[in-house]
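Undergrad: Got a structure for you, questions after.
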Amino acid sequence: MTATTETPTPTIGCETGNYHTFCPISCVAWLYQKIEDSFFLVIGTKTCGYFLQNAMGVMIFAEPRYAMAELEEGDISAQLNDYEELKRLCAQIKRDRNPSVIVWIGTCTTEIIKMDLEGLAPKLEAEIGIPIVVARANGLDYAFTQGEDTVLASMALRCPDRKPETAQDKQERNPLQRLLHFGKGKEEIDATEASYADHPPLTLFGSLPDPVVTNLTLELQKQGIRVSGWLPAKRFTELPTIEAGSYVCGVNPFLSRTATTLMRRRKAQLINAPFPIGPDGTRAWIEAIAASLGVTPKGLVEREQQIWDSLEEYRQLIRGKSVFFMGDNLLEVSLARFLVRCGMIVHEIGIPYMDQRYQAAELALLAKTCQEMGAPLPKIIEKPDNYNQVQRIYDLQPDLVITGMAHANPLEARGINTKWSVEFTFAQIHGFSNARDILELVTRPLRRNTGLKSLGWEQLV
Amino acid sequence: MKLAYWMYAGPAHIGTLRIASSFRNVHAIMHAPLGDDYFNVMRSMLERERHFTPVTTSVVDRHVLARGSQEKVVDNIVRKDGEEHPDLIVLTPTCTSSILQEDLENFVERAKIDAQCEVLLADVNHYRVNELQAGDRTLQQIVAHFLTKAERAGTLKTTKTPYPSVNILGITTLGFHHHHDCTELKRLMADLGIAVNLVIPEGATVDQLATLPQAWFNLVPYREIGPLTAQYLQQTYAMPYVDITPMGVMETARCVRAIAAALHGIDPQSPANRYDDFIHTQTRHVSQAAWFSRSIDCQNLTGKKAVVFGDSTHAAALTKILAREMGIHVVWAGTYCAYDAEWFRDQVGEYCDSVLITEDHGQVGDAIAKTEPAAIFGTQMERHVGKRLGIPCGVIAAPVHIQNFPLGYRPFVGYEGTNQICDLIYNSFTLGMEDHLLEIFGGHDTTPVSHKGITTDSEISWHPDAQTLLQQVPGFVRGKVKRNTEKFARDRQIAAITLEVFYAAKEAVGA
């Protein structure tokens with residue numbers, strides 16, 4: 001580590017916003033699977049429905065716990081009563097599925113026709129007896145992964161604000177601890193309990209697959225940090241308790257609204273940390289949490305180095321190679337920072353939206369990483385213009401372009417390696433051990449090309 | 001409001017964009033919020049398209065909502081005109097932005113002042129029509145626009161070509177096997193000695209549209225996209241058209257005869273029966289389908305029950321093939337093209353027991369579960385219903401899926417199409433037959449009976465010896481035998497199925 005000289009900050013530009021990304025309602029795809037007792041009702045048009053159907057493909061067939069409330073001409077022209085219509089559909093959902101919560105996903109259309117979902121929900125909730133959470137995951141204000149942000153921000157308001165009374169309740173309330181204690185004897189549990197440092201409660205927010213949740217919880221446990229709960233939990237009925245003054249920390253860069261809600265409405269203290277993506281990010285994330293909670297981390301440097309060593313094979317493939325992010329899922333800065341640390345050169349980070357405060361620690365780490373690696377600072381382009389980006393890609397000829405699905409085949413056809421950005425949204429990329437999976441994805445096009453070359457395609461045809 | 005999980009046809013703007021992006025050097029501007037532009041993904045991924053999809057979204061965001069869209073839309077049109085030099089820019093809203101009720105026609109007029117290219121607003125109602133109707137309408141709109149323009153400029157080619165020629169209308173991107181169908185139709189026309197004047201919209205430029213009237217007739221292979229254009233050309237330029245889908249041996253023959261009649265209408269020297277020999281040769285010696293129908297393989301399919309569901313074109317054609325050419329019992333045939341119900345009933349009425357017109361996949365699934373056919377011919381949705389029920393399904397219609405863009409040659413129309421369809425039908429049924437043979441010659445399947453079916457498990461218990469006997473029933477009918485026997489028991493309030501009950505059920509209901 002070099003001495004702290006003045007690190008230049010990355011420049012953040014903005015383009016026309018003529019870019020392609022998925023609609024934020026796509027968050028339904030992973031959230032309905034994550035929250036097992038939920039039902040997601042997307043209130044929108046045929047356009048929204050057809051998107052969900054195409055984006056989610058096969059999932060549609062498995063009787064998913066989500067549906068479209070398709071707005072028809074009568075709804076748009078206000079000939080029909082919104083309340084009665086929604087009541088009819090929600091009553092049907094209650095009858096057929098009986099979920100613990102119905103999440104209404106507002107869309108562009110409900111925004112434009114100014115349907116008062118927040119006003120309707122409490123009334124209907126009281127009438128049918130199922131909590132209704134309203135999230136405005138519309139494309140007018142948000143992009144792709146930010147849909148999750150809108151849902152979690154709404155759910156944050158439903159978290160209980162005080163601990164359950166008895167120890168018995170507490171046990172039941174915290175399924176995470178149950179899971180971690182699974183198969184352990186009483187002594188072992190007591191030993192784990194004793195190993196926790198005395199610190200204010202910590203809640204983590206962001207929807208991650210269960211194995212990753214367990215993984216990150218264990219990493220923190222190793223440092224004596226107890227995770228009180230995750231937002232969202234596996235079940236809506238198990239939402240974490242968030243007391244005023246307790247600490248919260250996010251795991252994804254697109255959750256700025258949730259962070260703000262937790263701070264302003266729940267009076268929680270936000271730990272601003274880089275995100276736990278890549279061994280460098282994971283270490284910095286744990287360190288930031290530990291620092292806020294007054295815990296001294298131990299063995300993290302070795303842990304990080306150990307991961308880097310195990311990744312050497314992959315890093316060799318990409319060292320000195322260049323990458324261009326067209327911008328899609330808001331994970332771009334974290335991924336870019338990790339790839340710079342791996343020895344890559346990042347030309348441009350396109351990103352739909354950049355909350356410079358929420359991502360402050362991540363941006364600082366990016367700048368620091370570039371300086372330490374002797375790599376140029378990438379240009380960050382908020383709301384990029386895909387046409388302009390493609391012209392820049394022609395000029396720069398990067399070794400890899402991480403892009404949305406619409407541009408992948410055309411770029412490949414022009415001899416430019418691509419990787420779908422959406423894969424990073426769905427793959428398990430958080431924490432120390434998943435860093436390998438990121439590199440597995442990043443190096444795949446390069447390995448594929450080497451593979452084809454070694455087969456002697458040129459000679460064959 | 002209605003609760004929807006799945007739709008057979010997409011929203012209107014998808015149809016418009018399919019037409020616009022099928023043409024060469026035509027660009028579409030979508031006036032829509034972020035995320036409504038998934039058409040680009042569909043085209044790029046499903047078609048494995050090498051070119052950038054010529055569709056740009058003029059993004060409607062909060063900012064634009066507050067200030068109005070005109071400036072941004074016009075800027076984007078003019079900008080795209082400068083960047084790509086298209087011949088035409090088509091502007092379309094989506095369901096979402098059409099609610100804004102902005103004067104898009106005015107935006108177009110404004111953009112025309114600065115743009116070098118033609119600019120058109122796709123004229124469809126996004127709440128009243130679906131993808132297919134919008135596609136049909138947009139194609140007609142573009143054709144009419146450029147023919148009127150050419151007529152005014154005096155560049156319209158109205159003199160008929162010296163030799164018989166045809167325009168093929170309705171081949172589009174993201175169509176169900178459209179590319180292969182188009183190749184097959186071109187081959188068929190070559191065999192008939194008819195020159196293909198123009199295929200639209202796929203691969204055509206808008207400048208070429210002026211040559212449409214020089215062809216002798218128009219061929220409209222699909223009901224969904226093309227008829228409006230054909231009707232327009234008939235009314236305006238007195239061009240005859242043939243709208244018989246050449247799918248299956250008999251319909252292909254009917255189509256070819258109609259073509260002969262159309263040619264005869266233009267040139268009385270061309271005999272109305274000029275293709276009869278060709279039809280005979282093709283049917284008897286080239287297509288394997290007619291022989292297949294008479295082979296011992298197909299005999300085994302006689303009287304088997306099938307159901308058909310899809311768009312009008314494919315569902316009607318498959319129903320006719322199954323019923324007329326293979327002797328398969330079509331219990332019901334249906335379409336999701338509800339707006340075309342009358343035509344569909346008229347076409348399939350005599351070839352199936354009943355007709356199902358619905359846009360609700362749940363209703364289709366229930367009808368399948370109730371019918372328990374030996375095979376389903378439907379869309380991807382019916383394929384999945386079939387999976388759950390253990391009934392094989394051949395996919396015969398859109399909505400398109402990556403599997404409908406095979407690398408190999410798989411047309412549905414023409415004489416090669418007849419072979420492909422026979423393969424599809426036979427393979428759908430034959431897997432059950434194979435299973436049957438395996439059972440006879442020492443089965444491989446000794447796993448316990450699975451509870452296949454959409455209905456919930458019954459409380460009826462099976463006696464071990466009845467269970468053993470059920471195990472010996474060939475796998476492909478086992479689920480059905482089990483269900484029928486249980487129904488038999490339930491109807492008679494029998495709680496446990498013994499050997500006697502099992503045989504009684506077999507005798508009573510043929511389970």
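Ligands are numbered from 1 in the order shown, chains are lettered A, B, ... in the order of the structure tokens, and residues start at 1 in each chain.
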Using only C-alpha atoms, find which residues of chain B lie within 9 Å of chain A and jot them down as a PyMOL selection string.
TA: chain B and resi 1-7+9-14+33-45+48-53+56-63+65+94-97+99-100+127-128+381+384-385+401
Undergrad: Run DSSP on the backbone and give me the residues of stretch 160-356 of chain A it puts in helix (DSSP H, G or I), as a ChimeraX atom specification.
TA: /A:167-173,175-180,186-195,210-222,236-238,256-264,278-293,300-310,312-318,332-341
Undergrad: Dump C-alpha atoms for the selected residues as a compact mmCIF listing (two decimals), in the first residue's frame?
TA:
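Output contents, as saved in result_28.txt:
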```
# COMPACT_ATOMS: atom_id res chain seq x y z
CA ALA A 167 -35.94 -14.78 24.37
CA GLN A 168 -38.29 -17.41 23.02
CA ASP A 169 -39.77 -14.95 20.52
CA LYS A 170 -36.35 -13.75 19.66
CA GLN A 171 -35.30 -17.23 18.74
CA GLU A 172 -38.22 -17.56 16.39
CA ARG A 173 -37.87 -14.08 15.03
CA PRO A 175 -34.29 -17.52 11.39
CA LEU A 176 -30.82 -16.53 10.32
CA GLN A 177 -29.33 -17.46 13.67
CA ARG A 178 -31.32 -20.67 13.61
CA LEU A 179 -29.82 -21.47 10.26
CA LEU A 180 -26.30 -20.73 11.39
CA LYS A 186 -25.81 -26.16 22.89
CA GLU A 187 -22.17 -25.68 23.92
CA GLU A 188 -21.19 -24.77 20.41
CA ILE A 189 -24.00 -22.25 20.19
CA ASP A 190 -22.93 -20.76 23.48
CA ALA A 191 -19.37 -20.59 22.22
CA THR A 192 -20.52 -18.71 19.11
CA GLU A 193 -22.63 -16.40 21.22
CA ALA A 194 -19.66 -15.68 23.42
CA SER A 195 -17.46 -14.90 20.44
CA ASP A 210 -29.62 -17.60 0.53
CA PRO A 211 -26.16 -19.22 0.22
CA VAL A 212 -24.64 -15.75 -0.19
CA VAL A 213 -26.57 -14.43 2.78
CA THR A 214 -25.19 -17.24 4.92
CA ASN A 215 -21.72 -16.70 3.54
CA LEU A 216 -21.58 -12.98 4.29
CA THR A 217 -23.19 -13.47 7.71
CA LEU A 218 -20.51 -16.03 8.56
CA GLU A 219 -17.71 -13.76 7.35
CA LEU A 220 -18.93 -11.11 9.75
CA GLN A 221 -19.43 -13.65 12.51
CA LYS A 222 -15.75 -14.58 12.18
CA PHE A 236 -42.14 -11.30 4.94
CA THR A 237 -43.19 -12.33 8.44
CA GLU A 238 -39.53 -12.45 9.42
CA SER A 256 -29.66 4.30 -2.37
CA ARG A 257 -33.37 4.89 -1.81
CA THR A 258 -33.54 2.08 0.72
CA ALA A 259 -30.50 3.56 2.46
CA THR A 260 -32.13 6.98 2.60
CA THR A 261 -35.39 5.54 3.91
CA LEU A 262 -33.59 3.61 6.62
CA MET A 263 -31.75 6.72 7.69
CA ARG A 264 -34.55 9.25 7.49
CA GLY A 278 -14.43 -9.07 -5.19
CA PRO A 279 -12.00 -9.88 -2.36
CA ASP A 280 -10.91 -6.23 -2.21
CA GLY A 281 -14.46 -4.96 -1.91
CA THR A 282 -15.46 -7.64 0.56
CA ARG A 283 -12.52 -6.82 2.79
CA ALA A 284 -13.22 -3.09 2.62
CA TRP A 285 -16.90 -3.75 3.35
CA ILE A 286 -16.12 -5.80 6.44
CA GLU A 287 -13.54 -3.28 7.58
CA ALA A 288 -15.98 -0.41 7.24
CA ILE A 289 -18.63 -2.31 9.21
CA ALA A 290 -16.12 -3.31 11.86
CA ALA A 291 -14.86 0.26 12.17
CA SER A 292 -18.38 1.62 12.62
CA LEU A 293 -19.21 -0.98 15.25
CA LEU A 300 -8.65 -9.91 6.68
CA VAL A 301 -5.44 -9.04 4.85
CA GLU A 302 -4.44 -12.70 4.78
CA ARG A 303 -7.97 -13.75 3.81
CA GLU A 304 -7.95 -11.32 0.87
CA GLN A 305 -4.48 -12.39 -0.25
CA GLN A 306 -5.46 -16.02 -0.08
CA ILE A 307 -8.37 -15.35 -2.44
CA TRP A 308 -6.17 -13.39 -4.84
CA ASP A 309 -3.70 -16.25 -4.92
CA SER A 310 -6.44 -18.71 -5.74
CA GLU A 312 -4.13 -16.16 -10.17
CA GLU A 313 -4.99 -18.48 -13.04
CA TYR A 314 -7.89 -16.26 -14.10
CA ARG A 315 -6.05 -13.02 -13.49
CA GLN A 316 -3.32 -14.09 -15.89
CA LEU A 317 -5.91 -14.22 -18.64
CA ILE A 318 -7.12 -10.66 -18.18
CA GLU A 332 -20.70 -1.33 -12.85
CA VAL A 333 -18.50 0.71 -10.50
CA SER A 334 -17.96 -2.19 -8.09
CA LEU A 335 -17.17 -4.61 -10.89
CA ALA A 336 -14.87 -2.11 -12.57
CA ARG A 337 -13.00 -1.52 -9.32
CA PHE A 338 -12.52 -5.28 -8.89
CA LEU A 339 -11.37 -5.72 -12.48
CA VAL A 340 -8.87 -2.85 -12.17
CA ARG A 341 -7.48 -4.61 -9.13
```
Undergrad: Rounded to one decimal place, report the atom CA of A:Arg319-atom CA of A:Cys342 distance in Å.
TA: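 Separation between atom CA of A:Arg319 and atom CA of A:Cys342: 6.6 Å.
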Undergrad: Which residue out of A:Arg448, A:Gly129, A:Thr403, A:Ser433 has the minimum interatomic distance to A:Leu331 when only C-alpha atoms are used?
TA: A:Thr403
Undergrad: What gap, in Å, lies between atom CA of B:Phe309 and atom CA of B:Trp343?
TA: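 Separation of atom CA of B:Phe309 and atom CA of B:Trp343: 14.9 Å.
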Undergrad: Quick one: residues within 9 Å of B:Ala111, only C-alpha atoms, excluding same-chain residues fewer than 5 positions away - as a ChimeraX atom specification?
TA: /B:73-75,77-78,106,119
Undergrad: Keeping only N, CA and C atoms, write those residues as an mmCIF file, in the first residue's frame.
TA:
```cif
data_model
loop_
_atom_site.group_PDB
_atom_site.id
_atom_site.type_symbol
_atom_site.label_atom_id
_atom_site.label_comp_id
_atom_site.auth_asym_id
_atom_site.auth_seq_id
_atom_site.Cartn_x
_atom_site.Cartn_y
_atom_site.Cartn_z
ATOM 1 N N VAL B 73 -38.439 14.094 -28.979
ATOM 2 C CA VAL B 73 -38.792 13.176 -30.060
ATOM 3 C C VAL B 73 -38.269 13.717 -31.390
ATOM 4 N N VAL B 74 -38.516 14.983 -31.638
ATOM 5 C CA VAL B 74 -38.081 15.585 -32.902
ATOM 6 C C VAL B 74 -36.553 15.544 -33.005
ATOM 7 N N ASP B 75 -35.879 15.882 -31.905
ATOM 8 C CA ASP B 75 -34.411 15.821 -31.892
ATOM 9 C C ASP B 75 -33.921 14.420 -32.229
ATOM 10 N N ILE B 77 -35.440 12.053 -33.867
ATOM 11 C CA ILE B 77 -35.709 11.690 -35.260
ATOM 12 C C ILE B 77 -34.657 12.336 -36.166
ATOM 13 N N VAL B 78 -34.445 13.609 -35.948
ATOM 14 C CA VAL B 78 -33.499 14.339 -36.810
ATOM 15 C C VAL B 78 -32.084 13.798 -36.625
ATOM 16 N N ASN B 106 -48.183 15.725 -35.100
ATOM 17 C CA ASN B 106 -47.564 17.040 -35.180
ATOM 18 C C ASN B 106 -46.045 16.947 -35.012
ATOM 19 N N VAL B 119 -40.829 10.449 -42.743
ATOM 20 C CA VAL B 119 -41.155 10.167 -41.349
ATOM 21 C C VAL B 119 -42.644 9.826 -41.280
#
```
Undergrad: When DSSP works through the backbone of this structure, what residues of stretch 131-365 of chain B end up as strand (DSSP E), shown as a PyMOL selection string?
TA: chain B and resi 165-171+195-201+217-219+241-242+305-310+329-335+352-357
Undergrad: May I have the selected residues written with N, CA, C and O atoms, as a compact mmCIF listing (two decimals), in the first residue's frame?
TA:
```
# COMPACT_ATOMS: atom_id res chain seq x y z
N SER B 165 -45.29 -13.23 -62.31
CA SER B 165 -44.48 -12.80 -61.16
C SER B 165 -45.39 -12.60 -59.94
O SER B 165 -46.59 -12.41 -60.08
N VAL B 166 -44.77 -12.64 -58.76
CA VAL B 166 -45.53 -12.60 -57.51
C VAL B 166 -44.83 -11.73 -56.47
O VAL B 166 -43.62 -11.61 -56.45
N ASN B 167 -45.64 -11.09 -55.63
CA ASN B 167 -45.11 -10.48 -54.41
C ASN B 167 -45.52 -11.37 -53.25
O ASN B 167 -46.66 -11.82 -53.18
N ILE B 168 -44.57 -11.62 -52.36
CA ILE B 168 -44.91 -12.39 -51.15
C ILE B 168 -45.04 -11.41 -50.00
O ILE B 168 -44.10 -10.69 -49.68
N LEU B 169 -46.23 -11.35 -49.42
CA LEU B 169 -46.51 -10.35 -48.39
C LEU B 169 -46.57 -10.96 -47.00
O LEU B 169 -47.21 -11.99 -46.80
N GLY B 170 -45.88 -10.32 -46.05
CA GLY B 170 -46.06 -10.72 -44.65
C GLY B 170 -44.93 -11.51 -44.03
O GLY B 170 -45.09 -12.08 -42.96
N ILE B 171 -43.77 -11.57 -44.70
CA ILE B 171 -42.62 -12.24 -44.09
C ILE B 171 -41.92 -11.21 -43.20
O ILE B 171 -41.48 -10.17 -43.68
N ALA B 195 -41.66 -15.69 -61.23
CA ALA B 195 -40.57 -14.90 -60.67
C ALA B 195 -41.06 -14.19 -59.41
O ALA B 195 -42.21 -13.71 -59.38
N VAL B 196 -40.22 -14.15 -58.39
CA VAL B 196 -40.59 -13.41 -57.19
C VAL B 196 -40.21 -11.95 -57.41
O VAL B 196 -39.03 -11.61 -57.52
N ASN B 197 -41.22 -11.10 -57.52
CA ASN B 197 -40.98 -9.68 -57.77
C ASN B 197 -40.45 -9.00 -56.53
O ASN B 197 -39.42 -8.34 -56.55
N LEU B 198 -41.14 -9.22 -55.40
CA LEU B 198 -40.71 -8.58 -54.17
C LEU B 198 -41.26 -9.36 -52.97
O LEU B 198 -42.40 -9.82 -53.00
N VAL B 199 -40.42 -9.49 -51.95
CA VAL B 199 -40.88 -10.03 -50.67
C VAL B 199 -40.94 -8.85 -49.72
O VAL B 199 -39.97 -8.10 -49.62
N ILE B 200 -42.07 -8.65 -49.06
CA ILE B 200 -42.13 -7.56 -48.08
C ILE B 200 -42.71 -8.07 -46.77
O ILE B 200 -43.51 -8.99 -46.78
N PRO B 201 -42.31 -7.47 -45.64
CA PRO B 201 -41.31 -6.42 -45.52
C PRO B 201 -39.87 -6.93 -45.42
O PRO B 201 -38.94 -6.15 -45.62
N PHE B 217 -49.59 -11.09 -59.31
CA PHE B 217 -50.50 -11.30 -58.17
C PHE B 217 -49.71 -11.26 -56.87
O PHE B 217 -48.48 -11.25 -56.89
N ASN B 218 -50.44 -11.20 -55.76
CA ASN B 218 -49.82 -11.21 -54.44
C ASN B 218 -50.14 -12.53 -53.73
O ASN B 218 -51.25 -13.04 -53.84
N LEU B 219 -49.14 -13.02 -53.01
CA LEU B 219 -49.35 -14.23 -52.21
C LEU B 219 -49.27 -13.85 -50.74
O LEU B 219 -48.30 -13.21 -50.31
N TYR B 241 -55.06 -11.51 -55.37
CA TYR B 241 -54.18 -12.14 -54.38
C TYR B 241 -54.66 -13.54 -54.02
O TYR B 241 -55.84 -13.86 -54.15
N VAL B 242 -53.71 -14.35 -53.58
CA VAL B 242 -54.01 -15.71 -53.13
C VAL B 242 -53.69 -15.75 -51.64
O VAL B 242 -52.56 -15.47 -51.24
N LYS B 305 -56.44 -39.22 -30.37
CA LYS B 305 -57.02 -37.92 -30.07
C LYS B 305 -55.93 -36.86 -30.00
O LYS B 305 -54.89 -37.06 -29.37
N ALA B 306 -56.20 -35.74 -30.64
CA ALA B 306 -55.27 -34.63 -30.56
C ALA B 306 -56.06 -33.34 -30.37
O ALA B 306 -57.25 -33.28 -30.69
N VAL B 307 -55.40 -32.33 -29.81
CA VAL B 307 -55.99 -30.99 -29.75
C VAL B 307 -55.01 -30.02 -30.38
O VAL B 307 -53.81 -30.27 -30.41
N VAL B 308 -55.55 -28.93 -30.93
CA VAL B 308 -54.72 -27.95 -31.63
C VAL B 308 -55.02 -26.56 -31.10
O VAL B 308 -56.19 -26.20 -30.92
N PHE B 309 -53.97 -25.79 -30.85
CA PHE B 309 -54.18 -24.38 -30.45
C PHE B 309 -53.04 -23.53 -30.96
O PHE B 309 -51.87 -23.90 -30.85
N GLY B 310 -53.36 -22.38 -31.51
CA GLY B 310 -52.30 -21.50 -32.01
C GLY B 310 -52.88 -20.27 -32.67
O GLY B 310 -54.04 -19.93 -32.45
N HIS B 329 -58.00 -37.86 -34.81
CA HIS B 329 -59.23 -37.25 -34.31
C HIS B 329 -58.91 -35.96 -33.56
O HIS B 329 -58.34 -35.98 -32.47
N VAL B 330 -59.25 -34.83 -34.17
CA VAL B 330 -59.01 -33.55 -33.50
C VAL B 330 -60.23 -33.25 -32.63
O VAL B 330 -61.32 -32.97 -33.13
N VAL B 331 -60.03 -33.35 -31.31
CA VAL B 331 -61.15 -33.18 -30.39
C VAL B 331 -61.60 -31.72 -30.38
O VAL B 331 -62.77 -31.42 -30.46
N TRP B 332 -60.62 -30.85 -30.25
CA TRP B 332 -60.96 -29.44 -30.43
C TRP B 332 -59.78 -28.70 -31.04
O TRP B 332 -58.63 -29.11 -30.91
N ALA B 333 -60.10 -27.63 -31.74
CA ALA B 333 -59.07 -26.77 -32.31
C ALA B 333 -59.38 -25.36 -31.85
O ALA B 333 -60.55 -24.99 -31.72
N GLY B 334 -58.33 -24.60 -31.59
CA GLY B 334 -58.60 -23.26 -31.08
C GLY B 334 -57.57 -22.25 -31.52
O GLY B 334 -56.50 -22.59 -32.03
N THR B 335 -57.93 -20.99 -31.33
CA THR B 335 -57.00 -19.92 -31.67
C THR B 335 -57.11 -18.81 -30.64
O THR B 335 -58.16 -18.62 -30.02
N CYS B 352 -63.16 -30.76 -36.66
CA CYS B 352 -62.96 -31.04 -35.24
C CYS B 352 -64.31 -31.04 -34.53
O CYS B 352 -65.29 -30.55 -35.07
N ASP B 353 -64.33 -31.61 -33.30
CA ASP B 353 -65.60 -31.70 -32.59
C ASP B 353 -66.06 -30.34 -32.09
O ASP B 353 -67.23 -30.04 -32.09
N SER B 354 -65.09 -29.54 -31.61
CA SER B 354 -65.50 -28.21 -31.15
C SER B 354 -64.37 -27.22 -31.36
O SER B 354 -63.23 -27.60 -31.62
N VAL B 355 -64.73 -25.95 -31.25
CA VAL B 355 -63.77 -24.87 -31.49
C VAL B 355 -63.62 -24.07 -30.21
O VAL B 355 -64.60 -23.82 -29.51
N LEU B 356 -62.38 -23.71 -29.90
CA LEU B 356 -62.10 -22.94 -28.69
C LEU B 356 -61.46 -21.61 -29.09
O LEU B 356 -60.37 -21.59 -29.65
N ILE B 357 -62.14 -20.52 -28.81
CA ILE B 357 -61.56 -19.21 -29.11
C ILE B 357 -61.32 -18.51 -27.78
O ILE B 357 -62.27 -18.18 -27.08
```
Undergrad: Extract, using only C-alpha atoms, all DNA, RNA and protein residues at most 9 Å from stretch 393-400 of chain A, discarding same-chain residues fewer than 6 positions from it, and format them as a list in words.
TA: Ile318, Lys321, Ser322, Val323, Phe324, Phe325, Val346, His347, Ile416, Asn417, Thr418, Lys419, Val442, Pro445 and Leu446 of chain A
Undergrad: Give me, as an MDAnalysis selection string, all polymer residues having an atom no more than 10 Å from B:Ala489, counting only C-alpha atoms and skipping those fewer than 5 positions away in the same chain.
TA: chainID B and resid 460 483:484 494:497 501:502 504:505
